[in-house]
Amino acid sequence: MNVHTARTDRTLRTDRASRAVRTPRHPVEERPFIVIWEATRACPLACLHCRAEAQLARDPAELDGADARRLMDQIASFGKPSPLFVITGGDPFQRADLTDLVAYGTELGLRIAVSPSGTPTLTRANLQAVQQAGAVALSLSLDGSTAARHDSFRGVPGVYDLTLDGWRTARELGLKVQINTTVSRHSLHDLADIAAVVKREGAMIWSGFILVPTGRGEQLDALSAAEVEDVLHFLYDCGAVMATKTTEGHHFRRVALQRAAMDRHGERPATGPLHATLTARATELGLFEGARRSVRRPPMDVGSGRGFVFVSHTGEVHPSGFLPLSAGNVKNHPLPDIYRGSALFTSLRDPSLLEGKCGRCEFNTVCGGSRSRAYAMTGRTLAADPWCAYEPARL
């Protein structure tokens, strides 16, 4: 599949201006748009893709409550408006002090979201507690359209029902809900059905997590670049009926730019057989009924170390949770210093250092490829993203 379009130059000139892709309000070299903290790796699930290779018991080396408060102080020091602060895991509800930490961060002026697992801790009481403490959003994972499919991926029976119950409860309480779906061989042909569940239940946004083969995910069958391209176009199509985004699918921004230009001219992309299959199934399910352009949410131009930072359960600072290289530890150095000045982070913010076709690509200032996937599959952070099908026009 040749995904190059002759409209590339015009796309770059016009669609940035028309906001087909959003950019953070503040320079990403100065402050992140989002900070994710892995509060714990403790989790009773056995998910096939887990980057953290979660375990049942909490690690004694985790950041304790005082460490976590100092971390939030450091995040607040980036200035107003503060970065979005996401508390994830493992399962953050495994921490007894989670509610207290949410309340502390809220008092500092942080916007806080919580990303729990679909476990027995996902109760109305726990959700109500974090909401009353100040959390504004929740993210949950849905990796299958049925209990059988989702639970087989998560490794524990009953997770699908717990997730749906928690999802509905969170919406009743007024929490914004993001639904995350790992795009892997397991879910590839189920994506239209998963999208139908998301549309039916309602969510602030549906995010496609394009698999990075790290942690347990190394054991999963790889996708092809052409399949990923078809998924990105399908997610763009779904954007007409629900807000969509990607994680580690940075080339979704390139697709959004290309498709916005094509849409204005009544053109269709040259997609492959997977896109045709997903589109046919989505049409059969009535997914695109009520489609309207006003629903579409332009993707945000952030990436590993470039508007995005991940702090591990022990305080190590990574450009992404899927990129296991540390630039320092918040116990020893302030997060703003690490983010702004470390060699790892500054290199990831320089598109002129990108290698291969990512280095030649005319979209590399708005995409840049997945640095996590490049590292996982080549051992080099600046290598070309192996799962991008686009052939750059720039030689």
# chains A, B, ... in the order shown; residues from 1 in each chain; ligands from 1

$ residues_around --residues "Ser187 of chain A" --least-positions-apart "6" --cutoff "9 Å" --atoms "only C-alpha atoms" --output "ChimeraX atom specification"
/A:143-145,149-150,153,181,194

$ write_last_selection --atoms "C-alpha atoms" --output "PDB file, in the first residue's frame"
ATOM      1  CA  ASP A 143      -9.443  -4.950  24.833  1.00  0.00           C
ATOM      2  CA  GLY A 144     -12.365  -7.013  23.623  1.00  0.00           C
ATOM      3  CA  SER A 145     -15.989  -6.398  22.706  1.00  0.00           C
ATOM      4  CA  ARG A 149     -12.348 -11.709  24.380  1.00  0.00           C
ATOM      5  CA  HIS A 150     -11.477  -9.049  26.960  1.00  0.00           C
ATOM      6  CA  PHE A 153      -6.425 -10.744  27.079  1.00  0.00           C
ATOM      7  CA  THR A 181      -7.773  -0.336  23.613  1.00  0.00           C
ATOM      8  CA  ILE A 194     -15.132  -2.502  20.466  1.00  0.00           C
TER       9      ILE A 194
END

$ select_by_dssp --residues "segment 19-144 of chain A" --states "strand (DSSP E or B)" --output "PyMOL selection string"
chain A and resi 22+34-38+42+55+84-88+111-114+137-141

$ closest_residue --among "A:Ala170, A:Gly105, A:Val197, A:Thr40" --to "Ala147 of chain A" --atoms "only C-alpha atoms"
A:Val197

$ select_by_dssp --residues "segment 96-215 of chain A" --states "helix (DSSP H, G or I)" --output "MDAnalysis selection string"
chainID A and resid 98:107 124:133 147:154 159:173 188:201 215

$ atom_distance --atom1 "atom CA of Glu38 of chain A" --atom2 "atom CA of Asp385 of chain A"
25.2 Å

$ residues_around --residues "Leu382 of chain A" --least-positions-apart "5" --cutoff "12 Å" --atoms "only C-alpha atoms" --output "list of chain:residue names"
A:Ser304, A:Leu323, A:Leu344, A:Phe345, A:Thr346, A:Ser347, A:Leu348, A:Arg349, A:Asp350, A:Pro351, A:Ser352, A:Leu353, A:Leu354, A:Glu355, A:Gly356, A:Lys357, A:Cys358, A:Gly359, A:Asn364, A:Gly368, A:Gly369, A:Ser370, A:Arg371, A:Ser372, A:Arg373, A:Ala374, A:Tyr375, A:Ala376, A:Met377

$ closest_residue --among "A:Arg296, A:His233, A:Lys80, A:Arg254" --to "Met204 of chain A" --atoms "only C-alpha atoms"
A:Arg296

$ closest_residue --among "A:Ser207, A:Thr123, A:Thr381, A:Thr314" --to "Met242 of chain A" --atoms "only C-alpha atoms"
A:Ser207

$ decode --residues "segment 228-295 of chain A" --atoms "C-alpha atoms" --output "mmCIF file, in the first residue's frame"
data_model
loop_
_atom_site.group_PDB
_atom_site.id
_atom_site.type_symbol
_atom_site.label_atom_id
_atom_site.label_comp_id
_atom_site.auth_asym_id
_atom_site.auth_seq_id
_atom_site.Cartn_x
_atom_site.Cartn_y
_atom_site.Cartn_z
ATOM 1 C CA VAL A 228 -1.343 -0.221 11.521
ATOM 2 C CA GLU A 229 -1.981 2.247 8.697
ATOM 3 C CA ASP A 230 -5.440 0.765 8.153
ATOM 4 C CA VAL A 231 -6.174 0.966 11.882
ATOM 5 C CA LEU A 232 -5.175 4.645 11.965
ATOM 6 C CA HIS A 233 -7.518 5.406 9.085
ATOM 7 C CA PHE A 234 -10.300 3.468 10.813
ATOM 8 C CA LEU A 235 -9.751 5.472 14.003
ATOM 9 C CA TYR A 236 -9.930 8.642 11.937
ATOM 10 C CA ASP A 237 -13.232 7.462 10.445
ATOM 11 C CA CYS A 238 -14.578 6.721 13.937
ATOM 12 C CA GLY A 239 -13.712 10.297 14.868
ATOM 13 C CA ALA A 240 -16.897 11.408 13.116
ATOM 14 C CA VAL A 241 -19.032 9.672 15.777
ATOM 15 C CA MET A 242 -16.760 9.763 18.846
ATOM 16 C CA ALA A 243 -13.540 11.475 19.862
ATOM 17 C CA THR A 244 -10.516 9.293 19.063
ATOM 18 C CA LYS A 245 -6.775 9.408 19.689
ATOM 19 C CA THR A 246 -3.778 7.095 19.800
ATOM 20 C CA THR A 247 -0.944 6.251 22.146
ATOM 21 C CA GLU A 248 2.351 5.244 20.513
ATOM 22 C CA GLY A 249 0.638 5.805 17.197
ATOM 23 C CA HIS A 250 2.143 9.209 16.480
ATOM 24 C CA HIS A 251 1.594 8.789 12.749
ATOM 25 C CA PHE A 252 -2.115 9.248 13.494
ATOM 26 C CA ARG A 253 -1.307 12.961 13.351
ATOM 27 C CA ARG A 254 0.089 12.543 9.843
ATOM 28 C CA VAL A 255 -3.067 10.621 8.879
ATOM 29 C CA ALA A 256 -5.237 13.386 10.370
ATOM 30 C CA LEU A 257 -3.420 16.002 8.308
ATOM 31 C CA GLN A 258 -3.681 13.967 5.129
ATOM 32 C CA ARG A 259 -7.319 13.060 5.643
ATOM 33 C CA ALA A 260 -8.343 16.624 6.488
ATOM 34 C CA ALA A 261 -6.932 17.755 3.138
ATOM 35 C CA MET A 262 -8.620 14.863 1.329
ATOM 36 C CA ASP A 263 -11.944 15.485 3.056
ATOM 37 C CA ARG A 264 -12.002 19.043 1.790
ATOM 38 C CA HIS A 265 -11.544 17.806 -1.753
ATOM 39 C CA GLY A 266 -13.922 14.866 -1.511
ATOM 40 C CA GLU A 267 -11.100 12.325 -1.854
ATOM 41 C CA ARG A 268 -10.643 8.945 -0.198
ATOM 42 C CA PRO A 269 -7.353 7.382 0.929
ATOM 43 C CA ALA A 270 -5.879 4.306 -0.718
ATOM 44 C CA THR A 271 -6.298 1.993 2.265
ATOM 45 C CA GLY A 272 -5.905 -1.776 2.472
ATOM 46 C CA PRO A 273 -8.009 -4.875 3.159
ATOM 47 C CA LEU A 274 -8.085 -4.521 6.964
ATOM 48 C CA HIS A 275 -9.600 -1.051 6.681
ATOM 49 C CA ALA A 276 -12.220 -2.439 4.280
ATOM 50 C CA THR A 277 -13.060 -5.254 6.704
ATOM 51 C CA LEU A 278 -13.349 -2.952 9.707
ATOM 52 C CA THR A 279 -15.415 -0.442 7.739
ATOM 53 C CA ALA A 280 -17.811 -3.140 6.538
ATOM 54 C CA ARG A 281 -18.286 -4.450 10.074
ATOM 55 C CA ALA A 282 -18.735 -0.946 11.489
ATOM 56 C CA THR A 283 -21.355 -0.199 8.839
ATOM 57 C CA GLU A 284 -23.151 -3.455 9.666
ATOM 58 C CA LEU A 285 -23.226 -2.420 13.333
ATOM 59 C CA GLY A 286 -24.536 1.056 12.463
ATOM 60 C CA LEU A 287 -21.452 2.621 14.006
ATOM 61 C CA PHE A 288 -21.302 5.565 11.617
ATOM 62 C CA GLU A 289 -24.960 6.531 11.990
ATOM 63 C CA GLY A 290 -25.184 10.118 13.152
ATOM 64 C CA ALA A 291 -21.672 10.909 11.922
ATOM 65 C CA ARG A 292 -20.805 14.590 11.956
ATOM 66 C CA ARG A 293 -17.555 16.421 11.456
ATOM 67 C CA SER A 294 -18.018 18.535 14.599
ATOM 68 C CA VAL A 295 -17.350 15.476 16.792
#
